[in-house]
Structures are given as structure tokens and as C-alpha cells.
$ cat final.tsv   # TSV, C-alpha atoms
chain	number	residue	atom	x	y	z
A	24	MET	CA	-71.61	-1.58	47.73
A	25	LEU	CA	-71.03	-4.50	50.10
A	26	ILE	CA	-67.60	-6.00	50.71
A	27	GLY	CA	-68.25	-9.09	48.59
A	28	ASP	CA	-69.20	-6.99	45.57
A	29	VAL	CA	-66.17	-4.74	46.06
A	30	ALA	CA	-63.89	-7.81	46.25
A	31	ARG	CA	-65.28	-9.22	42.99
A	32	ARG	CA	-65.01	-5.95	41.09
A	33	SER	CA	-61.64	-4.79	42.41
A	34	GLY	CA	-59.82	-8.11	42.57
A	35	VAL	CA	-58.86	-7.38	46.20
A	36	SER	CA	-59.92	-10.17	48.54
A	37	ALA	CA	-62.47	-9.53	51.28
A	38	ARG	CA	-59.80	-10.54	53.79
A	39	MET	CA	-57.41	-7.86	52.46
A	40	LEU	CA	-60.20	-5.26	52.48
A	41	ARG	CA	-60.80	-6.02	56.17
A	42	HIS	CA	-57.05	-5.66	56.72
A	43	TYR	CA	-57.13	-2.24	55.02
A	44	ASP	CA	-59.98	-1.31	57.29
A	45	SER	CA	-58.09	-2.38	60.42
A	46	LEU	CA	-55.08	-0.28	59.33
A	47	GLY	CA	-57.24	2.73	58.58
A	48	LEU	CA	-56.30	2.71	54.90
A	49	VAL	CA	-59.87	2.30	53.62
A	50	ARG	CA	-62.71	2.57	56.08
A	51	PRO	CA	-66.12	1.98	54.51
A	52	THR	CA	-68.18	5.15	54.52
A	53	GLY	CA	-71.31	3.45	55.82
A	54	ARG	CA	-72.91	0.41	57.31
A	55	THR	CA	-76.10	-1.38	56.37
A	56	GLY	CA	-78.91	-1.80	58.83
A	57	ALA	CA	-77.55	-5.26	59.53
A	58	GLY	CA	-74.09	-3.80	60.30
A	59	TYR	CA	-72.33	-4.87	57.08
A	60	ARG	CA	-69.59	-2.68	55.57
A	61	GLU	CA	-70.87	-0.52	52.75
A	62	TYR	CA	-68.35	1.12	50.37
A	63	SER	CA	-68.98	4.34	48.51
A	64	SER	CA	-67.62	5.14	45.03
A	65	GLU	CA	-64.95	7.29	46.73
A	66	ASP	CA	-63.92	4.32	48.90
A	67	ILE	CA	-63.60	2.13	45.82
A	68	ARG	CA	-61.50	4.81	44.08
A	69	ARG	CA	-59.17	4.83	47.10
A	70	ILE	CA	-58.84	1.05	46.91
A	71	PHE	CA	-57.65	1.32	43.33
A	72	HIS	CA	-55.19	4.06	44.37
A	73	ILE	CA	-53.82	1.78	47.07
A	74	GLU	CA	-53.37	-1.10	44.62
A	75	SER	CA	-51.64	1.18	42.12
A	76	LEU	CA	-49.11	2.34	44.70
A	77	ARG	CA	-48.57	-1.20	45.97
A	78	SER	CA	-47.76	-2.27	42.39
A	79	LEU	CA	-44.77	0.11	42.56
A	80	GLY	CA	-43.39	-1.74	45.56
A	81	LEU	CA	-44.60	0.60	48.34
A	82	SER	CA	-45.41	-0.92	51.71
A	83	LEU	CA	-48.88	-0.36	53.14
A	84	ARG	CA	-47.42	2.13	55.61
A	85	GLU	CA	-45.84	4.08	52.74
A	86	VAL	CA	-49.10	3.89	50.78
A	87	GLY	CA	-50.96	5.42	53.75
A	88	ARG	CA	-48.45	8.28	53.98
A	89	ALA	CA	-48.59	8.90	50.24
A	90	LEU	CA	-52.38	9.19	50.28
A	91	ASP	CA	-52.91	11.03	53.53
A	92	ASP	CA	-49.82	13.19	54.20
A	93	PRO	CA	-49.99	16.37	52.07
A	94	ASP	CA	-46.28	17.02	52.73
A	95	PHE	CA	-45.16	13.58	51.60
A	96	ALA	CA	-42.67	13.95	48.70
A	97	PRO	CA	-42.47	10.96	46.35
A	98	SER	CA	-39.07	11.64	44.74
A	99	GLU	CA	-36.86	10.23	47.49
A	100	LEU	CA	-39.04	7.17	47.96
A	101	VAL	CA	-39.21	6.52	44.22
A	102	ASP	CA	-35.40	6.77	43.96
A	103	ASP	CA	-35.10	4.26	46.80
A	104	LEU	CA	-37.55	1.92	45.07
A	105	ILE	CA	-35.53	2.17	41.85
A	106	ARG	CA	-32.38	1.20	43.75
A	107	GLN	CA	-34.09	-1.74	45.46
A	108	THR	CA	-35.57	-2.93	42.18
A	109	ARG	CA	-32.20	-2.82	40.45
A	110	GLU	CA	-30.64	-4.81	43.27
A	111	ARG	CA	-33.45	-7.34	43.09
A	112	ILE	CA	-33.11	-7.67	39.31
A	113	ALA	CA	-29.34	-8.13	39.63
A	114	ALA	CA	-29.84	-10.84	42.25
A	115	GLU	CA	-32.48	-12.60	40.15
A	116	THR	CA	-30.29	-12.36	37.03
A	117	GLU	CA	-27.38	-13.88	38.92
A	118	LEU	CA	-29.62	-16.70	40.12
A	119	LEU	CA	-30.91	-17.28	36.58
A	120	THR	CA	-27.36	-17.40	35.23
A	121	ARG	CA	-26.33	-19.88	37.90
A	122	LEU	CA	-29.32	-22.11	37.17
A	123	ARG	CA	-28.56	-22.04	33.45
A	124	ARG	CA	-24.96	-23.00	34.11
A	125	ILE	CA	-26.04	-25.92	36.25
A	126	GLY	CA	-28.51	-27.00	33.57
A	127	ALA	CA	-25.81	-26.77	30.87
A	128	ALA	CA	-23.61	-29.14	32.85
A	129	GLU	CA	-26.39	-31.78	32.64
A	130	PRO	CA	-25.96	-33.08	36.20
A	131	ALA	CA	-26.87	-36.71	36.69
A	132	GLY	CA	-28.07	-36.19	40.25
A	133	TRP	CA	-28.23	-33.79	43.15
A	134	GLN	CA	-24.69	-34.68	44.19
A	135	ASP	CA	-23.48	-33.34	40.85
A	136	VAL	CA	-25.54	-30.19	41.37
A	137	LEU	CA	-23.95	-29.63	44.77
A	138	GLN	CA	-20.45	-30.10	43.34
A	139	ILE	CA	-21.13	-27.66	40.50
A	140	VAL	CA	-22.50	-25.07	42.93
A	141	ALA	CA	-19.43	-25.51	45.15
A	142	LEU	CA	-17.10	-25.01	42.16
A	143	LEU	CA	-19.00	-21.91	41.01
A	144	HIS	CA	-18.68	-20.47	44.51
A	145	ALA	CA	-14.97	-21.31	44.53
A	146	LEU	CA	-14.44	-19.52	41.21
A	147	GLY	CA	-15.80	-16.39	42.87
A	148	SER	CA	-13.67	-16.75	46.00
A	149	LYS	CA	-11.44	-13.92	47.22
A	150	SER	CA	-8.60	-16.44	47.57
A	151	ALA	CA	-6.48	-16.80	44.42
A	152	GLY	CA	-5.46	-20.31	45.49
A	153	THR	CA	-9.08	-21.36	45.85
A	154	ARG	CA	-9.94	-19.98	42.42
A	155	GLN	CA	-6.97	-21.75	40.86
A	156	ARG	CA	-7.88	-25.10	42.44
A	157	ALA	CA	-11.46	-24.65	41.25
A	158	ALA	CA	-10.27	-24.01	37.70
A	159	LEU	CA	-8.12	-27.15	37.68
A	160	SER	CA	-10.75	-29.34	39.33
A	161	SER	CA	-13.38	-28.13	36.85
A	162	VAL	CA	-11.72	-30.42	34.30
A	163	GLU	CA	-10.87	-33.32	36.56
A	164	GLU	CA	-14.13	-33.55	38.50
A	165	VAL	CA	-17.65	-32.35	37.65
A	166	PRO	CA	-17.28	-30.05	34.63
A	167	VAL	CA	-18.15	-26.40	35.16
A	168	PRO	CA	-20.04	-24.90	32.22
A	169	ALA	CA	-17.61	-23.25	29.80
A	170	GLU	CA	-19.53	-19.97	29.98
A	171	ALA	CA	-18.75	-19.74	33.69
A	172	LEU	CA	-15.05	-20.35	33.03
A	173	ALA	CA	-15.06	-17.73	30.26
A	174	GLU	CA	-16.61	-15.12	32.54
A	175	ALA	CA	-14.07	-16.00	35.22
A	176	VAL	CA	-11.24	-15.56	32.69
A	177	LEU	CA	-12.46	-12.09	31.75
A	178	SER	CA	-12.50	-10.93	35.38
A	179	GLU	CA	-9.34	-12.70	36.64
A	180	ALA	CA	-6.39	-10.41	37.45
A	181	ASP	CA	-4.06	-12.99	39.01
A	182	PRO	CA	-1.79	-14.37	36.23
A	183	ASN	CA	-1.50	-17.86	37.75
A	184	VAL	CA	-5.24	-18.24	38.16
A	185	ALA	CA	-5.82	-16.78	34.71
A	186	GLY	CA	-3.47	-19.39	33.22
A	187	ALA	CA	-5.34	-22.20	34.95
A	188	LEU	CA	-8.67	-20.84	33.76
A	189	ARG	CA	-7.47	-20.53	30.16
A	190	TRP	CA	-6.17	-24.10	30.31
A	191	ALA	CA	-9.48	-25.37	31.68
A	192	LEU	CA	-11.38	-23.43	29.05
A	193	ALA	CA	-9.21	-24.86	26.27
A	194	GLN	CA	-10.13	-28.37	27.47
A	195	SER	CA	-13.82	-27.57	27.01
A	196	GLY	CA	-13.53	-27.95	23.24
A	197	GLY	CA	-14.48	-24.42	22.23
A	198	GLY	CA	-17.13	-23.79	24.81
A	199	GLY	CA	-17.41	-20.23	26.08
A	200	LEU	CA	-16.24	-18.70	22.78
A	201	ALA	CA	-19.35	-16.54	22.52
A	202	VAL	CA	-18.65	-15.01	25.95
A	203	LEU	CA	-15.01	-14.39	25.05
A	204	ALA	CA	-15.96	-12.86	21.70
A	205	GLU	CA	-18.19	-10.40	23.54
A	206	GLY	CA	-15.23	-9.66	25.81
A	207	LEU	CA	-13.28	-8.43	22.78
A	208	GLY	CA	-15.64	-5.48	22.67
A	209	ALA	CA	-15.54	-4.72	26.40
A	210	PRO	CA	-14.96	-1.07	27.39
A	211	VAL	CA	-12.04	-2.06	29.64
A	212	ALA	CA	-8.76	-2.68	27.79
A	213	GLU	CA	-7.58	-5.34	30.25
A	214	VAL	CA	-10.76	-7.37	29.71
A	215	ARG	CA	-10.23	-7.25	25.94
A	216	LYS	CA	-6.67	-8.48	26.42
A	217	ARG	CA	-7.80	-11.37	28.63
A	218	ALA	CA	-10.42	-12.33	26.07
A	219	VAL	CA	-8.03	-12.55	23.12
A	220	GLN	CA	-5.41	-14.40	25.20
A	221	ALA	CA	-8.01	-17.02	26.14
A	222	ILE	CA	-9.29	-17.39	22.58
A	223	ALA	CA	-5.71	-17.85	21.37
A	224	GLU	CA	-5.39	-21.00	23.50
A	225	ILE	CA	-8.61	-22.60	22.25
A	226	PRO	CA	-8.04	-24.97	19.33
A	227	GLY	CA	-10.34	-25.39	16.38
A	228	ASP	CA	-11.79	-23.54	13.42
A	229	GLU	CA	-14.34	-21.59	15.45
A	230	ALA	CA	-11.65	-20.01	17.59
A	231	THR	CA	-9.59	-19.28	14.47
A	232	ALA	CA	-12.56	-17.47	12.92
A	233	VAL	CA	-13.00	-15.34	16.05
A	234	LEU	CA	-9.29	-14.48	15.99
A	235	GLN	CA	-9.51	-13.49	12.33
A	236	ASP	CA	-12.36	-11.14	13.19
A	237	ALA	CA	-10.19	-9.77	16.00
A	238	LEU	CA	-7.64	-8.60	13.41
A	239	ARG	CA	-10.10	-5.78	12.69
A	240	ASN	CA	-10.57	-4.88	16.35
A	241	PRO	CA	-10.03	-1.17	17.16
A	242	ASP	CA	-7.71	-2.19	20.03
A	243	VAL	CA	-4.17	-2.63	18.68
A	244	VAL	CA	-3.30	-5.00	21.56
A	245	VAL	CA	-6.15	-7.31	20.57
A	246	ARG	CA	-5.04	-7.24	16.92
A	247	ARG	CA	-1.47	-8.13	17.86
A	248	TYR	CA	-2.38	-11.04	20.13
A	249	ALA	CA	-4.74	-12.33	17.46
A	250	ALA	CA	-2.04	-12.13	14.78
A	251	LEU	CA	0.49	-14.00	16.95
A	252	ALA	CA	-2.05	-16.76	17.55
A	253	LEU	CA	-3.03	-16.95	13.88
A	254	GLY	CA	0.54	-17.43	12.63
A	255	PRO	CA	0.83	-21.06	13.80
A	256	ARG	CA	-2.72	-21.65	12.48
A	257	GLY	CA	-1.63	-20.74	8.96
A	258	ALA	CA	-3.86	-17.67	8.60
A	259	ALA	CA	-2.44	-15.44	5.86
A	260	ASP	CA	-4.56	-12.44	6.91
A	261	ALA	CA	-2.33	-12.07	10.00
A	262	ILE	CA	0.71	-11.18	7.85
A	263	PRO	CA	0.20	-7.38	7.65
A	264	THR	CA	-0.26	-7.08	11.41
A	265	LEU	CA	2.80	-9.23	12.10
A	266	ILE	CA	4.94	-7.08	9.80
A	267	ASP	CA	3.63	-3.92	11.50
A	268	MET	CA	4.64	-5.42	14.84
A	269	ILE	CA	8.22	-5.84	13.61
A	270	VAL	CA	8.30	-2.24	12.39
A	271	GLU	CA	6.88	-0.94	15.67
A	272	GLU	CA	9.06	-3.24	17.83
A	273	ALA	CA	6.01	-4.72	19.53
A	274	ASN	CA	6.74	-8.37	20.35
A	275	ASP	CA	8.82	-8.23	17.17
A	276	VAL	CA	10.73	-11.47	17.86
A	277	ASP	CA	7.48	-13.40	18.33
A	278	ALA	CA	6.04	-11.73	15.23
A	279	ALA	CA	9.08	-12.78	13.19
A	280	ASP	CA	8.71	-16.35	14.48
A	281	ALA	CA	5.04	-16.35	13.46
A	282	LEU	CA	5.97	-15.13	9.97
A	283	SER	CA	8.60	-17.86	9.75
A	284	THR	CA	5.96	-20.46	10.60
A	285	LEU	CA	3.60	-19.06	7.98
A	286	ALA	CA	6.42	-19.00	5.42
A	287	SER	CA	6.77	-22.77	5.69
A	288	ARG	CA	3.83	-22.76	3.29
A	289	PRO	CA	5.33	-22.04	-0.15
A	290	ALA	CA	2.25	-20.10	-1.23
A	291	LEU	CA	2.80	-17.60	1.59
A	292	ALA	CA	6.60	-17.27	1.56
A	293	ASP	CA	6.70	-14.83	-1.37
A	294	GLN	CA	3.80	-12.83	0.06
A	295	ILE	CA	5.65	-12.42	3.37
A	296	ALA	CA	8.93	-11.58	1.67
A	297	THR	CA	7.25	-8.98	-0.52
A	298	GLY	CA	5.60	-7.39	2.51
A	299	LEU	CA	8.91	-7.14	4.38
A	300	ILE	CA	10.72	-5.77	1.32
A	301	ASP	CA	8.04	-3.14	0.71
A	302	CYS	CA	8.44	-1.93	4.29
A	303	LEU	CA	12.22	-1.80	3.89
A	304	ALA	CA	11.81	0.40	0.82
A	305	HIS	CA	9.52	2.82	2.65
A	306	GLY	CA	11.42	6.03	3.31
A	307	ALA	CA	9.64	6.76	6.60
A	308	VAL	CA	10.79	3.55	8.29
A	309	GLU	CA	13.31	4.13	11.10
A	310	PRO	CA	16.82	2.63	10.74
A	311	SER	CA	16.27	0.33	13.73
A	312	ALA	CA	13.05	-0.95	12.14
A	313	ARG	CA	14.89	-1.63	8.85
A	314	ARG	CA	17.37	-3.78	10.78
A	315	ARG	CA	14.53	-5.77	12.36
A	316	LEU	CA	12.86	-6.23	8.98
A	317	THR	CA	16.16	-7.44	7.52
A	318	GLN	CA	16.52	-9.94	10.35
A	319	ALA	CA	12.97	-11.17	9.71
A	320	LEU	CA	13.95	-12.12	6.15
A	321	ALA	CA	16.39	-14.67	7.55
A	322	ASP	CA	13.87	-17.48	7.97
A	323	ILE	CA	11.77	-16.77	4.89
A	324	PRO	CA	12.62	-19.35	2.21
A	325	GLY	CA	12.81	-18.69	-1.51
A	326	THR	CA	14.65	-16.61	-4.06
A	327	THR	CA	12.75	-13.39	-3.39
A	328	PRO	CA	14.18	-12.84	0.11
A	329	THR	CA	17.62	-14.01	-1.08
A	330	ARG	CA	17.71	-11.37	-3.81
A	331	ALA	CA	16.46	-8.76	-1.35
A	332	LEU	CA	19.22	-9.67	1.12
A	333	GLU	CA	21.84	-9.40	-1.64
A	334	ASP	CA	20.62	-5.87	-2.35
A	335	LEU	CA	20.55	-5.05	1.36
A	336	SER	CA	24.14	-6.24	1.77
A	337	ARG	CA	25.04	-3.10	-0.19
A	338	ASP	CA	22.66	-0.86	1.77
A	339	GLY	CA	23.76	2.62	2.80
A	340	ASP	CA	22.96	1.77	6.43
A	341	ARG	CA	26.06	-0.15	7.55
A	342	ALA	CA	24.15	-2.06	10.26
A	343	VAL	CA	21.55	-3.20	7.74
A	344	ALA	CA	24.28	-4.18	5.24
A	345	LEU	CA	26.20	-6.20	7.83
A	346	THR	CA	23.03	-7.93	9.02
A	347	ALA	CA	22.06	-8.86	5.46
A	348	THR	CA	25.59	-10.14	4.71
A	349	TYR	CA	25.61	-12.31	7.82
A	350	ILE	CA	22.17	-13.75	6.99
A	351	LEU	CA	23.29	-14.54	3.44
A	352	GLN	CA	26.27	-16.44	4.79
A	353	LEU	CA	23.99	-18.49	7.02
A	354	ARG	CA	21.59	-19.21	4.16
A	355	ASN	CA	24.49	-20.34	1.94
A	356	THR	CA	25.72	-22.81	4.55
A	357	ARG	CA	22.33	-24.47	4.96

$ encode --input "final.tsv" --output "C-alpha cells"
Amino acid sequence: MLIGDVARRSGVSARMLRHYDSLGLVRPTGRTGAGYREYSSEDIRRIFHIESLRSLGLSLREVGRALDDPDFAPSELVDDLIRQTRERIAAETELLTRLRRIGAAEPAGWQDVLQIVALLHALGSKSAGTRQRAALSSVEEVPVPAEALAEAVLSEADPNVAGALRWALAQSGGGGLAVLAEGLGAPVAEVRKRAVQAIAEIPGDEATAVLQDALRNPDVVVRRYAALALGPRGAADAIPTLIDMIVEEANDVDAADALSTLASRPALADQIATGLIDCLAHGAVEPSARRRLTQALADIPGTTPTRALEDLSRDGDRAVALTATYILQLRNTR
């Protein structure tokens, strides 16, 4: 078969076939009387073998070794190709993400594109100061896509930079929530904490819904941050977690404040009071926890907590009784 026919049937150009010949990869078995290359069926089979190996990423030199060296072992080379491919995919994925972020920012011109690229680079800087300035300027200058800010929040260890990033993200109007919600399920505890802290600073119903879902998160830290954020938002489903925080002395003062805020709604005041009273009546609760629960009743309005405090003023635990008596005196003077 002549070179033109081989090129048509194999899909390999005549120029490449001549290149294979010059490298010694595929030398035509014969020549016609006019001196043209003539390929045998075995030559054509070798061409297909070469193309198969090239499709795996092997260089022509490596292809030649694979076909001609009987001692050539593929395992090491294949492992190396896997590593190179993964690196290439990671690089291409990063490029795709960057392009999507630029597209999401809807730049008006190439100057905007350049500014966005510069800010994205700055967010990935090794300098904490540079990252912080980039976070602040992302609001004041060309906006950085919220998804980029959210990803930066999840990876930021410096508390000052993290605060600037959360502030910038909150200004985005709820953008980046999907990224942060995914962060709540991250395998690293610190990432989950950063995610819920950032969501807590984002206003709006969508963020509230994500926080309510976070109350069922397996990570107790996530549940507690979510509950503290939901108190000022009037979410009643945060009450059990907030009461547990008081019992366990985990940000108990903040939890009591959140319950007080919730109790400003008459419909929730009795529910909160009942929850605190039930915990006080539980025999397994430590004395110190009973004192904290008693203190938490102080800012819950209504007759239910007042009656409970009157009972507690006669409690067998002197510290609890004194605390309840003092709170009753304060309530009577209001």
C-alpha cells in the first residue's frame, strides 16, 4: 500500500508518516519500481500501535522504546503519565475557574479584566497584608466574584484577613453561599468553622436557611455558631442548641444573650422558659450548669420564668437559691 493510501486509511498524514520513517519508527517494508514507499499489513499494524501509545501521552522516543525494547517496563512510565495528567487537569481546572470568575464579574472592558486578574492574584498572595488589601478593594474597586471570596474565606488562617474577607463577602448580597454551604461539609474542622462564621455575617433569608440546615450538622462547633447567628434572626429552631450551650458552658453568655433576643417575641418567651426549666429539673445537670440556667432566666419575660425563679429561690443549692432571689429582686424593680 502506497503512502497516500495509508494516510487516508489510518488518519496519519503523509508528512507524519515520512517523519516516522526518518526516526526509524515505521520503515516501509518495500519500494515500488518507481521508488515509492510501499507499506505492508505489518507496517500498518505498527502505525496503529504507535498512534495508540501516543494517545496515552507518550513521546515518539518513548513509543519507539515501548515497541522495540523487550526489557522496557511500562509501569513506571504509566505512573509518571498519570502524575503529569493530574497536574495538567489541575492546571486546566484552575484556569477554567479563573475564567468563570472573570465572566461572572461581567467586565466592561479589558481594563476591568486586568484589574480582576490582579485582585485574584492578590487574594492568593503569601502576604497577609496583600490579601487583606485585596479583600477590601474587592468592594471598593472592580468587584471580585463572590465565589472567589468564599473560597478565600475557607482557606484563610489569618484572623484579620479572614475578617476582611467575611466583610467583603457580606457586601456581595448573598453571593458565594453555595461555596460556603459546601464548606460546612468539609473534612477539615477549621474549614467548617470558617464557613459557618462567614455565613453568619451574610444577611438575608437564604443565609438564614443555610444556618438552619447547619443546626443539624454533625460538627457541634458548626451547630453552635449557627445557633448564635440564628438568635438575632428570630429562628426558634436555634433554642435547643442555645440551651445546650448554657448547660455545657460553651459560649454560654452569648447563648443566653441570643435567647434573650429571641424571648423578645412573646410567642417564644414561654418556649424558652420551659426549655430552661426542664433542664433545671433534670437530675443529671451539674450544679454549676443549674446556676447558669437560672441566670439565663433573668432576661426572659413573662410569668412562667417568674414562677420558676420563685421556686428556685427555695432551691436546695444555696448558690442557685441566692441567684434566683437576686434576679427576682431585679425583676421586681423594673

$ closest_residue --input "final.tsv" --among "A:Met39, A:Val308, A:Glu110, A:Ala175" --to "His144 of chain A" --atoms "all atoms listed in the file"
A:Ala175

$ residues_around --input "final.tsv" --residues "segment 312-322 of chain A" --least-positions-apart "5" --cutoff "6 Å" --atoms "all atoms listed in the file" --output "ChimeraX atom specification"
/A:270,279,283,303,343,350

$ residues_around --input "final.tsv" --residues "Gly58 of chain A" --least-positions-apart "4" --cutoff "12 Å" --atoms "only C-alpha atoms" --output "PyMOL selection string"
chain A and resi 25-26+51+53-54

$ atom_distance --input "final.tsv" --atom1 "atom CA of Ala96 of chain A" --atom2 "atom CA of Gly47 of chain A"
20.9 Å

$ atom_distance --input "final.tsv" --atom1 "atom CA of Ala114 of chain A" --atom2 "atom CA of Glu85 of chain A"
24.3 Å

$ residues_around --input "final.tsv" --residues "segment 202-205 of chain A" --least-positions-apart "6" --cutoff "8 Å" --atoms "all atoms listed in the file" --output "JSON, numbers by chain"
{"A": [170, 173, 174, 177, 218, 219, 221, 222, 233]}

$ atom_distance --input "final.tsv" --atom1 "atom CA of Ser150 of chain A" --atom2 "atom CA of Asp181 of chain A"
10.3 Å

$ closest_residue --input "final.tsv" --among "A:Ala209, A:Leu291, A:Ser195, A:Gln155" --to "Asn183 of chain A" --atoms "only C-alpha atoms"
A:Gln155
